[in-house]
>>> print(open('target.txt').read())   # compact mmCIF, C-alpha atoms and all ligand atoms
# COMPACT_ATOMS: atom_id res chain seq x y z
CA MET A 1 -29.51 7.15 11.67
CA ILE A 2 -29.95 10.27 9.54
CA ASP A 3 -33.22 10.70 7.57
CA ARG A 4 -33.71 11.59 3.92
CA ASP A 5 -33.85 15.36 4.57
CA LYS A 6 -30.61 15.34 6.50
CA ALA A 7 -28.96 13.21 3.79
CA PHE A 8 -30.19 15.66 1.16
CA ARG A 9 -28.73 18.60 3.11
CA ILE A 10 -25.35 16.88 3.45
CA LEU A 11 -25.24 16.07 -0.25
CA SER A 12 -26.60 19.38 -1.58
CA GLU A 13 -23.94 21.29 0.35
CA ILE A 14 -21.33 19.49 -1.74
CA GLY A 15 -23.29 19.41 -5.01
CA GLN A 16 -23.90 15.63 -4.92
CA GLU A 17 -27.73 15.40 -4.66
CA HIS A 18 -27.82 12.87 -7.52
CA VAL A 19 -26.82 10.18 -4.98
CA LEU A 20 -30.50 10.24 -3.88
CA LYS A 21 -31.90 10.14 -7.43
CA TYR A 22 -33.56 6.72 -7.00
CA PHE A 23 -34.26 7.00 -3.26
CA ASP A 24 -38.07 6.94 -3.57
CA GLU A 25 -37.94 3.78 -5.70
CA LEU A 26 -35.88 1.81 -3.17
CA ASN A 27 -37.36 -0.59 -0.64
CA GLU A 28 -36.97 0.17 3.04
CA THR A 29 -33.83 -1.92 3.54
CA GLU A 30 -32.11 -0.33 0.55
CA GLN A 31 -33.08 3.15 1.75
CA LYS A 32 -31.53 2.40 5.14
CA GLU A 33 -28.38 1.06 3.50
CA LEU A 34 -27.95 4.21 1.47
CA LEU A 35 -28.67 6.55 4.38
CA SER A 36 -26.21 4.71 6.57
CA GLN A 37 -23.55 4.93 3.85
CA ILE A 38 -24.13 8.68 3.52
CA GLU A 39 -23.91 9.06 7.29
CA ILE A 40 -20.58 7.31 7.72
CA THR A 41 -18.79 8.37 4.53
CA ASP A 42 -16.14 11.05 4.84
CA PHE A 43 -16.99 13.34 1.93
CA SER A 44 -14.31 15.86 2.92
CA VAL A 45 -11.84 13.99 0.68
CA LEU A 46 -13.70 15.48 -2.31
CA GLU A 47 -12.21 18.87 -1.42
CA ASN A 48 -8.91 17.57 -2.77
CA LEU A 49 -10.32 17.66 -6.29
CA ALA A 50 -9.66 21.38 -6.31
CA GLY A 51 -5.86 21.12 -5.93
CA ASP A 52 -3.08 19.60 -7.96
CA HIS A 53 -4.30 16.01 -8.17
CA ASN A 54 -1.06 14.12 -7.98
CA SER A 55 0.98 15.93 -5.40
CA GLY A 56 -1.07 15.60 -2.23
CA GLY A 57 -0.18 19.22 -1.40
CA GLU A 58 2.57 21.84 -1.51
CA ARG A 59 6.13 20.48 -1.39
CA GLY A 60 9.16 21.94 0.31
CA SER A 61 12.74 22.15 -0.88
CA PHE A 62 14.43 18.89 -1.84
CA GLU A 63 17.99 17.64 -1.34
CA PRO A 64 19.52 14.27 -2.24
CA LEU A 65 19.98 11.64 0.46
CA GLY A 66 22.68 8.98 0.37
CA ALA A 67 22.04 5.33 1.14
CA VAL A 68 23.77 2.49 2.88
CA THR A 69 24.88 0.91 -0.37
CA ILE A 70 25.08 -2.68 -1.56
CA LYS A 71 28.84 -2.44 -1.06
CA ASP A 72 28.52 -1.09 2.50
CA ILE A 73 26.03 -3.81 3.29
CA ALA A 74 28.31 -6.54 1.96
CA SER A 75 31.10 -5.48 4.29
CA GLU A 76 28.81 -5.13 7.33
CA SER A 77 26.57 -8.05 6.50
CA ASP A 78 27.41 -10.25 9.50
CA ARG A 79 26.95 -7.46 12.02
CA PHE A 80 23.66 -6.24 10.50
CA THR A 81 22.29 -9.77 10.24
CA GLN A 82 23.21 -10.60 13.81
CA THR A 83 21.47 -7.50 15.16
CA GLY A 84 18.42 -8.27 13.01
CA VAL A 85 18.24 -11.92 14.04
CA GLU A 86 18.48 -10.94 17.71
CA ALA A 87 15.58 -8.51 17.28
CA LEU A 88 13.54 -11.19 15.49
CA LYS A 89 14.28 -13.81 18.14
CA ALA A 90 13.26 -11.36 20.85
CA GLY A 91 9.92 -10.84 19.07
CA LYS A 92 10.64 -7.18 18.39
CA VAL A 93 9.64 -7.25 14.72
CA ALA A 94 6.25 -7.72 13.04
CA ALA A 95 5.32 -7.49 9.37
CA VAL A 96 2.35 -5.81 7.70
CA LEU A 97 1.27 -6.97 4.28
CA LEU A 98 -0.64 -4.30 2.37
CA ALA A 99 -3.22 -6.25 0.43
CA GLY A 100 -6.20 -3.92 0.39
CA GLY A 101 -5.61 -2.55 -3.11
CA GLN A 102 -7.79 -3.43 -6.07
CA GLY A 103 -5.02 -4.12 -8.54
CA THR A 104 -7.01 -2.55 -11.37
CA ARG A 105 -4.01 -2.45 -13.71
CA LEU A 106 -3.55 -6.20 -13.51
CA GLY A 107 -7.21 -6.70 -14.33
CA PHE A 108 -7.55 -9.84 -12.19
CA ASP A 109 -10.95 -9.92 -10.54
CA LYS A 110 -9.83 -11.55 -7.28
CA PRO A 111 -7.42 -10.19 -4.64
CA LYS A 112 -4.02 -9.77 -6.30
CA GLY A 113 -2.37 -12.19 -3.86
CA MET A 114 -4.60 -14.96 -5.22
CA PHE A 115 -3.04 -14.63 -8.67
CA ASN A 116 -1.21 -17.79 -9.71
CA ILE A 117 2.17 -16.64 -11.00
CA GLY A 118 3.26 -20.24 -11.52
CA VAL A 119 3.52 -21.78 -14.97
CA ASP A 120 4.09 -25.52 -14.49
CA THR A 121 3.25 -25.43 -10.83
CA GLU A 122 0.75 -23.54 -8.68
CA LEU A 123 2.46 -20.58 -7.08
CA TYR A 124 0.18 -17.86 -5.81
CA ILE A 125 1.50 -14.39 -5.04
CA PHE A 126 0.53 -14.80 -1.38
CA GLN A 127 2.40 -18.11 -1.39
CA CYS A 128 5.56 -16.47 -2.78
CA LEU A 129 5.47 -13.93 0.02
CA ILE A 130 4.91 -16.52 2.72
CA ASN A 131 7.75 -18.63 1.29
CA ASN A 132 10.03 -15.60 1.43
CA LEU A 133 9.06 -14.87 5.01
CA MET A 134 9.57 -18.53 5.96
CA ASP A 135 13.26 -18.16 5.03
CA VAL A 136 13.57 -15.62 7.83
CA VAL A 137 11.49 -17.67 10.27
CA LYS A 138 13.87 -20.58 9.71
CA LEU A 139 16.98 -18.44 10.03
CA ALA A 140 15.82 -16.70 13.20
CA GLY A 141 14.10 -19.75 14.66
CA ALA A 142 11.11 -17.56 15.53
CA TRP A 143 7.74 -16.83 13.90
CA VAL A 144 7.23 -13.27 12.75
CA PRO A 145 3.74 -11.93 13.54
CA LEU A 146 2.15 -11.12 10.19
CA TYR A 147 -0.71 -8.62 9.91
CA ILE A 148 -2.55 -8.63 6.59
CA MET A 149 -4.50 -5.55 5.57
CA THR A 150 -7.47 -6.20 3.31
CA SER A 151 -10.42 -4.03 2.32
CA GLU A 152 -14.15 -4.65 2.58
CA LYS A 153 -14.00 -5.55 -1.10
CA ASN A 154 -11.57 -8.43 -0.73
CA ASN A 155 -11.43 -9.40 2.93
CA SER A 156 -13.59 -12.53 2.94
CA GLU A 157 -12.02 -13.92 -0.24
CA THR A 158 -8.53 -13.32 1.15
CA VAL A 159 -9.27 -14.85 4.55
CA GLU A 160 -10.97 -17.88 2.97
CA PHE A 161 -8.10 -18.37 0.55
CA PHE A 162 -5.49 -18.45 3.29
CA LYS A 163 -7.61 -20.91 5.25
CA GLU A 164 -8.20 -23.13 2.22
CA LYS A 165 -4.46 -23.17 1.45
CA ASN A 166 -3.58 -23.90 5.06
CA TYR A 167 -1.77 -20.55 5.34
CA PHE A 168 0.87 -21.94 2.97
CA GLY A 169 2.56 -23.57 5.94
CA TYR A 170 2.70 -20.46 8.12
CA ASP A 171 1.50 -20.84 11.71
CA PRO A 172 -1.98 -19.23 11.71
CA ALA A 173 -1.50 -18.21 15.34
CA TYR A 174 0.89 -15.57 13.97
CA ILE A 175 -1.42 -14.27 11.25
CA ARG A 176 -4.09 -11.59 11.72
CA PHE A 177 -6.26 -9.87 9.14
CA PHE A 178 -7.61 -6.35 9.45
CA ILE A 179 -9.75 -4.23 7.19
CA GLN A 180 -8.85 -0.76 5.91
CA ASP A 181 -11.24 2.16 5.41
CA MET A 182 -13.06 3.13 2.24
CA ALA A 183 -13.53 6.44 0.42
CA PRO A 184 -16.07 7.54 -2.21
CA SER A 185 -14.99 7.61 -5.85
CA VAL A 186 -16.02 10.22 -8.41
CA ASP A 187 -16.25 10.58 -12.19
CA THR A 188 -14.03 12.98 -14.11
CA ASN A 189 -16.49 15.81 -13.34
CA GLY A 190 -16.17 15.21 -9.63
CA LYS A 191 -19.61 13.58 -9.28
CA ILE A 192 -19.85 10.65 -6.88
CA LEU A 193 -20.16 7.37 -8.77
CA MET A 194 -22.85 4.88 -7.77
CA GLU A 195 -22.40 1.14 -7.71
CA SER A 196 -26.16 0.53 -7.70
CA ARG A 197 -29.24 2.63 -7.02
CA SER A 198 -28.72 2.18 -3.29
CA LYS A 199 -24.94 2.08 -3.05
CA ILE A 200 -22.27 4.73 -3.41
CA SER A 201 -19.16 3.41 -5.15
CA LEU A 202 -16.58 3.12 -2.41
CA SER A 203 -12.91 2.20 -2.91
CA PRO A 204 -10.14 1.36 -0.48
CA ASN A 205 -8.72 4.69 0.72
CA GLY A 206 -5.07 3.99 -0.08
CA ASN A 207 -2.31 2.24 1.82
CA GLY A 208 -1.45 5.25 4.02
CA GLY A 209 -4.11 4.46 6.60
CA TRP A 210 -2.66 1.06 7.44
CA PHE A 211 -1.53 1.96 10.94
CA SER A 212 -4.71 3.77 11.99
CA SER A 213 -6.77 0.85 10.62
CA LEU A 214 -4.58 -1.56 12.59
CA VAL A 215 -5.21 0.48 15.72
CA ARG A 216 -8.95 0.67 15.04
CA ALA A 217 -9.01 -3.11 14.64
CA GLY A 218 -7.71 -3.34 18.21
CA LEU A 219 -4.40 -4.92 17.16
CA LEU A 220 -2.03 -2.35 18.63
CA ASP A 221 -2.55 -3.71 22.14
CA GLU A 222 -1.56 -7.15 20.94
CA ILE A 223 1.48 -5.74 19.15
CA LYS A 224 2.61 -3.95 22.28
CA GLU A 225 1.94 -6.94 24.52
CA LYS A 226 4.15 -9.03 22.29
CA GLY A 227 6.90 -6.43 22.71
CA VAL A 228 7.03 -5.54 19.00
CA GLN A 229 9.10 -2.40 18.43
CA TRP A 230 9.51 -2.44 14.66
CA ILE A 231 7.03 -3.00 11.85
CA ASN A 232 8.10 -3.96 8.35
CA VAL A 233 5.45 -2.77 5.89
CA PHE A 234 5.44 -4.20 2.39
CA ALA A 235 3.33 -4.44 -0.76
CA VAL A 236 1.54 -7.54 -1.96
CA ASP A 237 2.78 -7.28 -5.50
CA ASN A 238 6.55 -7.67 -5.31
CA VAL A 239 7.07 -11.42 -5.52
CA LEU A 240 10.80 -11.22 -4.73
CA GLN A 241 10.17 -9.14 -1.66
CA ARG A 242 12.44 -9.95 1.28
CA ILE A 243 10.24 -9.56 4.34
CA ALA A 244 11.55 -8.91 7.85
CA ASP A 245 15.01 -9.07 6.30
CA PRO A 246 17.43 -9.42 9.25
CA SER A 247 20.18 -7.41 7.55
CA PHE A 248 17.80 -4.50 6.80
CA ILE A 249 16.42 -4.57 10.35
CA GLY A 250 19.94 -4.72 11.80
CA ALA A 251 21.17 -1.85 9.62
CA VAL A 252 18.31 0.40 10.75
CA ILE A 253 18.70 -0.52 14.42
CA ASP A 254 22.50 -0.06 14.32
CA SER A 255 22.14 3.29 12.56
CA GLY A 256 20.00 4.60 15.43
CA MET A 257 17.53 5.94 12.87
CA GLN A 258 13.80 5.99 13.38
CA SER A 259 12.89 4.21 10.14
CA GLY A 260 14.31 2.65 7.01
CA GLY A 261 13.29 2.15 3.42
CA LYS A 262 14.56 -0.41 0.95
CA VAL A 263 15.69 1.27 -2.25
CA VAL A 264 17.07 0.32 -5.64
CA SER A 265 19.40 2.41 -7.83
CA LYS A 266 17.46 4.01 -10.64
CA VAL A 267 18.26 2.54 -14.05
CA SER A 268 17.84 5.88 -15.81
CA PRO A 269 17.07 9.49 -14.84
CA ASP A 270 13.55 9.07 -16.22
CA GLU A 271 12.59 5.87 -14.42
CA ARG A 272 9.11 6.29 -12.99
CA VAL A 273 9.85 5.67 -9.36
CA GLY A 274 9.62 7.73 -6.17
CA VAL A 275 13.02 8.72 -4.76
CA LEU A 276 13.98 8.78 -1.09
CA CYS A 277 15.53 12.17 -0.36
CA LEU A 278 15.32 15.07 2.07
CA GLU A 279 12.56 17.65 1.99
CA ASP A 280 13.16 20.70 4.16
CA GLY A 281 15.81 18.64 5.93
CA MET A 282 13.47 15.75 6.76
CA PRO A 283 13.29 12.35 5.04
CA SER A 284 10.77 12.28 2.24
CA ILE A 285 9.85 10.70 -1.06
CA VAL A 286 9.67 12.77 -4.18
CA GLU A 287 7.51 11.19 -6.88
CA TYR A 288 8.94 10.97 -10.40
CA TYR A 289 6.34 13.42 -11.73
CA GLU A 290 7.30 15.96 -9.06
CA MET A 291 10.98 16.01 -10.03
CA THR A 292 12.27 18.80 -12.21
CA GLU A 293 14.55 18.00 -15.15
CA GLU A 294 17.41 19.44 -13.11
CA MET A 295 16.70 17.10 -10.19
CA ARG A 296 16.33 14.09 -12.47
CA THR A 297 19.70 14.61 -14.11
CA LEU A 298 21.72 16.14 -11.26
CA LEU A 299 25.00 14.26 -10.67
CA ASP A 300 26.92 13.85 -7.42
CA ASP A 301 30.71 14.02 -6.92
CA ASN A 302 31.05 10.46 -8.26
CA ARG A 303 29.16 11.46 -11.43
CA GLU A 304 26.24 9.30 -10.41
CA LEU A 305 22.61 10.42 -10.20
CA ALA A 306 22.19 12.49 -7.04
CA TYR A 307 18.51 11.52 -6.71
CA LYS A 308 19.29 7.90 -7.26
CA TYR A 309 17.50 5.72 -4.76
CA GLY A 310 14.02 4.60 -5.77
CA VAL A 311 11.66 3.16 -3.18
CA ILE A 312 10.12 -0.30 -3.56
CA LEU A 313 7.43 -0.12 -0.87
CA ASN A 314 9.30 -1.95 1.85
CA TYR A 315 9.71 0.16 4.98
CA LEU A 316 10.69 -0.40 8.58
CA PHE A 317 8.90 1.84 11.08
CA ASN A 318 9.25 2.21 14.82
CA VAL A 319 6.06 1.48 16.75
CA ASP A 320 6.49 4.37 19.23
CA LYS A 321 6.83 6.87 16.40
CA LEU A 322 3.88 5.35 14.55
CA GLU A 323 1.73 5.86 17.63
CA GLU A 324 2.88 9.45 17.89
CA ILE A 325 1.97 10.29 14.28
CA CYS A 326 -1.14 8.12 14.08
CA ASP A 327 -3.67 10.94 14.37
CA ARG A 328 -1.82 13.33 12.08
CA LYS A 329 -3.64 14.22 8.89
CA MET A 330 -2.03 12.71 5.81
CA PRO A 331 -2.04 14.27 2.35
CA VAL A 332 -4.82 12.88 0.13
CA HIS A 333 -3.81 11.94 -3.41
CA VAL A 334 -6.40 12.03 -6.19
CA VAL A 335 -5.71 9.04 -8.41
CA SER A 336 -7.15 8.37 -11.84
CA LYS A 337 -8.46 4.77 -12.02
CA LYS A 338 -10.89 2.39 -13.70
CA ILE A 339 -13.93 2.41 -11.45
CA PRO A 340 -16.95 0.17 -12.01
CA PHE A 341 -20.13 2.28 -11.89
CA MET A 342 -23.87 2.26 -12.57
CA ASN A 343 -24.77 4.01 -15.81
CA ASP A 344 -27.96 6.00 -16.55
CA ASN A 345 -29.78 2.78 -17.46
CA GLY A 346 -29.05 1.33 -14.03
CA GLU A 347 -26.51 -1.18 -15.41
CA LEU A 348 -23.13 -1.86 -13.81
CA VAL A 349 -20.32 -0.95 -16.22
CA LYS A 350 -16.71 -2.13 -15.88
CA PRO A 351 -14.68 0.46 -17.82
CA ASP A 352 -11.59 -0.45 -19.91
CA SER A 353 -9.78 2.80 -19.21
CA PRO A 354 -9.70 5.22 -16.27
CA ASN A 355 -13.07 6.92 -15.89
CA GLY A 356 -12.75 8.73 -12.59
CA TYR A 357 -10.82 9.37 -9.42
CA LYS A 358 -10.19 7.61 -6.14
CA PHE A 359 -8.89 9.33 -3.02
CA GLU A 360 -5.89 7.72 -1.39
CA THR A 361 -3.44 8.38 1.38
CA LEU A 362 -0.06 6.75 0.79
CA VAL A 363 2.36 4.99 3.09
CA LEU A 364 5.22 6.88 1.43
CA ASP A 365 3.94 10.08 3.03
CA MET A 366 4.62 8.51 6.43
CA VAL A 367 8.32 8.73 5.67
CA HIS A 368 8.14 12.52 5.82
CA MET A 369 6.68 12.26 9.33
CA GLN A 370 9.84 10.50 10.56
CA ASP A 371 12.81 12.32 12.09
CA SER A 372 15.18 10.05 10.19
CA CYS A 373 15.05 7.29 7.59
CA LEU A 374 17.83 5.01 6.39
CA PRO A 375 17.78 4.27 2.66
CA TYR A 376 19.00 0.67 2.38
CA GLU A 377 20.06 -0.32 -1.12
CA VAL A 378 19.18 -3.77 -2.42
CA VAL A 379 20.03 -5.62 -5.62
CA ARG A 380 17.14 -4.89 -7.94
CA ASP A 381 17.11 -8.24 -9.75
CA LYS A 382 17.11 -10.10 -6.46
CA GLU A 383 14.47 -8.18 -4.55
CA PHE A 384 12.25 -6.31 -6.93
CA ALA A 385 9.79 -8.11 -9.19
CA PRO A 386 6.59 -6.05 -9.18
CA VAL A 387 3.39 -7.42 -10.67
CA LYS A 388 1.48 -4.30 -11.61
CA ASN A 389 0.37 -4.85 -15.21
CA ALA A 390 -0.95 -7.77 -17.23
CA GLU A 391 1.74 -7.21 -19.87
CA GLY A 392 4.93 -5.24 -20.53
CA VAL A 393 6.76 -3.38 -17.78
CA ASP A 394 6.32 -4.67 -14.21
CA SER A 395 4.07 -7.44 -15.42
CA VAL A 396 3.34 -11.09 -14.79
CA GLU A 397 5.81 -11.93 -17.54
CA SER A 398 8.69 -9.82 -16.20
CA ALA A 399 8.09 -11.09 -12.66
CA ARG A 400 8.11 -14.72 -13.86
CA LYS A 401 11.47 -14.18 -15.54
CA LEU A 402 12.90 -12.67 -12.37
CA LEU A 403 11.54 -15.49 -10.22
CA GLN A 404 13.21 -18.02 -12.51
CA ALA A 405 16.47 -16.07 -12.52
CA ASN A 406 16.42 -16.35 -8.73
CA GLY A 407 15.92 -20.08 -8.81
CA VAL A 408 12.25 -20.10 -7.82
CA LYS A 409 10.44 -23.02 -9.39
CA ILE A 410 7.43 -21.74 -11.29
P1 LIG A 501 -0.89 0.11 -5.80
O1 LIG A 501 -0.49 1.53 -5.69
O2 LIG A 501 -0.21 -0.71 -6.84
O3 LIG A 501 -2.47 0.09 -5.99
O4 LIG A 501 -0.71 -0.56 -4.39
P2 LIG A 501 -3.48 -1.10 -6.33
O5 LIG A 501 -4.84 -0.57 -6.00
O6 LIG A 501 -3.12 -2.38 -5.66
O7 LIG A 501 -3.30 -1.36 -7.89
P3 LIG A 501 -3.81 -0.53 -9.18
O8 LIG A 501 -3.10 0.79 -9.11
O9 LIG A 501 -5.30 -0.39 -9.06
O10 LIG A 501 -3.39 -1.38 -10.32
C1 LIG A 501 0.54 -0.76 -3.77
C2 LIG A 501 0.31 -1.62 -2.56
O11 LIG A 501 -0.58 -1.00 -1.64
C3 LIG A 501 -1.71 -1.83 -1.39
C4 LIG A 501 -1.80 -2.75 -2.59
O12 LIG A 501 -2.52 -3.93 -2.26
C5 LIG A 501 -0.33 -2.98 -2.89
O13 LIG A 501 0.22 -3.92 -1.99
N1 LIG A 501 -2.91 -0.98 -1.25
C6 LIG A 501 -3.22 -0.08 -2.21
C7 LIG A 501 -3.69 -1.16 -0.14
O14 LIG A 501 -3.41 -2.01 0.73
N2 LIG A 501 -4.79 -0.38 -0.02
C8 LIG A 501 -5.15 0.56 -0.94
O15 LIG A 501 -6.17 1.24 -0.75
C9 LIG A 501 -4.34 0.71 -2.06
>>> encode(input="target.txt", output="structure tokens", more="lines below")
Ligand code: UTP
Amino acid sequence: MIDRDKAFRILSEIGQEHVLKYFDELNETEQKELLSQIEITDFSVLENLAGDHNSGGERGSFEPLGAVTIKDIASESDRFTQTGVEALKAGKVAAVLLAGGQGTRLGFDKPKGMFNIGVDTELYIFQCLINNLMDVVKLAGAWVPLYIMTSEKNNSETVEFFKEKNYFGYDPAYIRFFIQDMAPSVDTNGKILMESRSKISLSPNGNGGWFSSLVRAGLLDEIKEKGVQWINVFAVDNVLQRIADPSFIGAVIDSGMQSGGKVVSKVSPDERVGVLCLEDGMPSIVEYYEMTEEMRTLLDDNRELAYKYGVILNYLFNVDKLEEICDRKMPVHVVSKKIPFMNDNGELVKPDSPNGYKFETLVLDMVHMQDSCLPYEVVRDKEFAPVKNAEGVDSVESARKLLQANGVKI
């Protein structure tokens, strides 16, 4: 392990010597903990503070991309579903649940999936997702291997919860957990935040590293042994999420494309959602804050929004392609968040508003690494009920209403 002098050199090169401020007051174990953290932390992410925080780098030239629409899907439904069910039966599809986030906007101090969205009955977010996946298991007559990504911050609670709840009826032989990587967080002046005198404040490094973390956890061999060719990646916080949806899988397979993304039609030009489009001729997602006024309002020949299809964090990727792109560097996004930190009096403070930045890679950037991606339009009110905030838009309240509207007993 590195010694204090080496740690000081590493930190002084990047103007972060304050991390060692209390070093001499720590006991031996604490000193070792801190040195080991400094040794293994990738501080290069801090270089991204210099650029445009949101964008994750220079963008190319954008063009709209059409989708397979709700209408198209209705007329091809049987064919798509049959192809999808065959793939599921043959064990060619696995699902990855992204549950490593901290859900700071919701303000719930446990893993978001442990939130009880029920009113008269207990209905945890994880339970909703498992119930949704069970629909497919029943239809296909085959279990879908489910890989759940957690972070060091929430792994044990998540694993324990699933065990305690008996995996909500899912066969545990088909569930695996794996842990994502962490990145340092900084204050608004770019100084690394400390969690305690001996601990750097580390946060999950975004959902973009899910595949490399899966590989590092040794799970790719298992995936390949099972003969899995497609992975459906989805977020923890959409309680109406259709997972391993046979029709979506079938549509992507039949299209011959390398990947697919579920999308919803934007409700207005200004809706704050990333749009699936082309960037320099390749599939890509343009974030709402990256769109010019002209792009936002551009109309197509049918007088509909040209950049119309918003992503809902539900993608289908091909395993071979994922392996090929696995070692490619992904753009790092600098995200403003509420980050608990140790103040000058050595006390841990939980801020009420964003007080610094985290560094995240995003799964949406994987779309731009694909040769092709099929936007697959779904009915918003049937498949999109995000739980992001405690109140208002995309909140517990709005998700409850949508669950009820879809006949889910809450
Ligand atoms: P969000 O972008 O909503 O981030 O995650 P978050 O950290 O959960 O929530 P806020 O912004 O602090 O309120 C979208 C999806 O990606 C997962 C989340 O668990 C969610 O399913 N995610 C996010 C990870 O798995 N790891 C991360 O590091 C970040």
>>> residues_near_point(input="target.txt", point="(5.6, -9.7, -6.1)", cutoff="8 Å", atoms="all atoms listed in the file", output="PDB file with C-alpha atoms, keeping the file's coordinate frame")
ATOM      1  CA  ILE A 125       1.500 -14.390  -5.040  1.00  0.00           C
ATOM      2  CA  CYS A 128       5.560 -16.470  -2.780  1.00  0.00           C
ATOM      3  CA  LEU A 129       5.470 -13.930   0.020  1.00  0.00           C
ATOM      4  CA  ALA A 235       3.330  -4.440  -0.760  1.00  0.00           C
ATOM      5  CA  VAL A 236       1.540  -7.540  -1.960  1.00  0.00           C
ATOM      6  CA  ASP A 237       2.780  -7.280  -5.500  1.00  0.00           C
ATOM      7  CA  ASN A 238       6.550  -7.670  -5.310  1.00  0.00           C
ATOM      8  CA  VAL A 239       7.070 -11.420  -5.520  1.00  0.00           C
ATOM      9  CA  LEU A 240      10.800 -11.220  -4.730  1.00  0.00           C
ATOM     10  CA  GLN A 241      10.170  -9.140  -1.660  1.00  0.00           C
ATOM     11  CA  PHE A 384      12.250  -6.310  -6.930  1.00  0.00           C
ATOM     12  CA  ALA A 385       9.790  -8.110  -9.190  1.00  0.00           C
ATOM     13  CA  PRO A 386       6.590  -6.050  -9.180  1.00  0.00           C
ATOM     14  CA  VAL A 387       3.390  -7.420 -10.670  1.00  0.00           C
ATOM     15  CA  ALA A 399       8.090 -11.090 -12.660  1.00  0.00           C
TER      16      ALA A 399
END
>>> closest_residue(input="target.txt", among="A:Leu305, A:Leu106, A:Ile38, A:Val136", to="Ala94 of chain A", atoms="all atoms listed in the file")
A:Val136
>>> closest_residue(input="target.txt", among="A:Val93, A:Ala99, A:Met1, A:Met295", to="ligand LIG 501 (chain A)", atoms="all atoms listed in the file")
A:Ala99
>>> residues_around(input="target.txt", residues="segment 356-372 of chain A", least_positions_apart="5", cutoff="8 Å", atoms="all atoms listed in the file", output="JSON, numbers by chain")
{"A": [45, 46, 183, 184, 185, 186, 187, 188, 190, 203, 204, 205, 206, 207, 208, 209, 210, 257, 258, 259, 279, 282, 283, 284, 285, 313, 321, 325, 330, 331, 332, 333, 334, 335, 336, 337, 338, 339]}
>>> write_last_selection(input="target.txt", atoms="C-alpha atoms", output="PDB file, keeping the file's coordinate frame")
ATOM      1  CA  VAL A  45     -11.840  13.990   0.680  1.00  0.00           C
ATOM      2  CA  LEU A  46     -13.700  15.480  -2.310  1.00  0.00           C
ATOM      3  CA  ALA A 183     -13.530   6.440   0.420  1.00  0.00           C
ATOM      4  CA  PRO A 184     -16.070   7.540  -2.210  1.00  0.00           C
ATOM      5  CA  SER A 185     -14.990   7.610  -5.850  1.00  0.00           C
ATOM      6  CA  VAL A 186     -16.020  10.220  -8.410  1.00  0.00           C
ATOM      7  CA  ASP A 187     -16.250  10.580 -12.190  1.00  0.00           C
ATOM      8  CA  THR A 188     -14.030  12.980 -14.110  1.00  0.00           C
ATOM      9  CA  GLY A 190     -16.170  15.210  -9.630  1.00  0.00           C
ATOM     10  CA  SER A 203     -12.910   2.200  -2.910  1.00  0.00           C
ATOM     11  CA  PRO A 204     -10.140   1.360  -0.480  1.00  0.00           C
ATOM     12  CA  ASN A 205      -8.720   4.690   0.720  1.00  0.00           C
ATOM     13  CA  GLY A 206      -5.070   3.990  -0.080  1.00  0.00           C
ATOM     14  CA  ASN A 207      -2.310   2.240   1.820  1.00  0.00           C
ATOM     15  CA  GLY A 208      -1.450   5.250   4.020  1.00  0.00           C
ATOM     16  CA  GLY A 209      -4.110   4.460   6.600  1.00  0.00           C
ATOM     17  CA  TRP A 210      -2.660   1.060   7.440  1.00  0.00           C
ATOM     18  CA  MET A 257      17.530   5.940  12.870  1.00  0.00           C
ATOM     19  CA  GLN A 258      13.800   5.990  13.380  1.00  0.00           C
ATOM     20  CA  SER A 259      12.890   4.210  10.140  1.00  0.00           C
ATOM     21  CA  GLU A 279      12.560  17.650   1.990  1.00  0.00           C
ATOM     22  CA  MET A 282      13.470  15.750   6.760  1.00  0.00           C
ATOM     23  CA  PRO A 283      13.290  12.350   5.040  1.00  0.00           C
ATOM     24  CA  SER A 284      10.770  12.280   2.240  1.00  0.00           C
ATOM     25  CA  ILE A 285       9.850  10.700  -1.060  1.00  0.00           C
ATOM     26  CA  LEU A 313       7.430  -0.120  -0.870  1.00  0.00           C
ATOM     27  CA  LYS A 321       6.830   6.870  16.400  1.00  0.00           C
ATOM     28  CA  ILE A 325       1.970  10.290  14.280  1.00  0.00           C
ATOM     29  CA  MET A 330      -2.030  12.710   5.810  1.00  0.00           C
ATOM     30  CA  PRO A 331      -2.040  14.270   2.350  1.00  0.00           C
ATOM     31  CA  VAL A 332      -4.820  12.880   0.130  1.00  0.00           C
ATOM     32  CA  HIS A 333      -3.810  11.940  -3.410  1.00  0.00           C
ATOM     33  CA  VAL A 334      -6.400  12.030  -6.190  1.00  0.00           C
ATOM     34  CA  VAL A 335      -5.710   9.040  -8.410  1.00  0.00           C
ATOM     35  CA  SER A 336      -7.150   8.370 -11.840  1.00  0.00           C
ATOM     36  CA  LYS A 337      -8.460   4.770 -12.020  1.00  0.00           C
ATOM     37  CA  LYS A 338     -10.890   2.390 -13.700  1.00  0.00           C
ATOM     38  CA  ILE A 339     -13.930   2.410 -11.450  1.00  0.00           C
TER      39      ILE A 339
END
>>> residues_around(input="target.txt", residues="Gly66 of chain A", least_positions_apart="6", cutoff="10 Å", atoms="all atoms listed in the file", output="list in words")
Leu276, Cys277, Leu278, Ala306, Tyr307, Lys308, Tyr309, Leu374, Pro375, Tyr376 and Glu377 of chain A
>>> write_last_selection(input="target.txt", atoms="C-alpha atoms", output="short mmCIF file (atom, residue, chain, number, x, y, z; two decimals), in the frame of the given file")
data_model
loop_
_atom_site.label_atom_id
_atom_site.label_comp_id
_atom_site.auth_asym_id
_atom_site.auth_seq_id
_atom_site.Cartn_x
_atom_site.Cartn_y
_atom_site.Cartn_z
CA LEU A 276 13.98 8.78 -1.09
CA CYS A 277 15.53 12.17 -0.36
CA LEU A 278 15.32 15.07 2.07
CA ALA A 306 22.19 12.49 -7.04
CA TYR A 307 18.51 11.52 -6.71
CA LYS A 308 19.29 7.90 -7.26
CA TYR A 309 17.50 5.72 -4.76
CA LEU A 374 17.83 5.01 6.39
CA PRO A 375 17.78 4.27 2.66
CA TYR A 376 19.00 0.67 2.38
CA GLU A 377 20.06 -0.32 -1.12
#
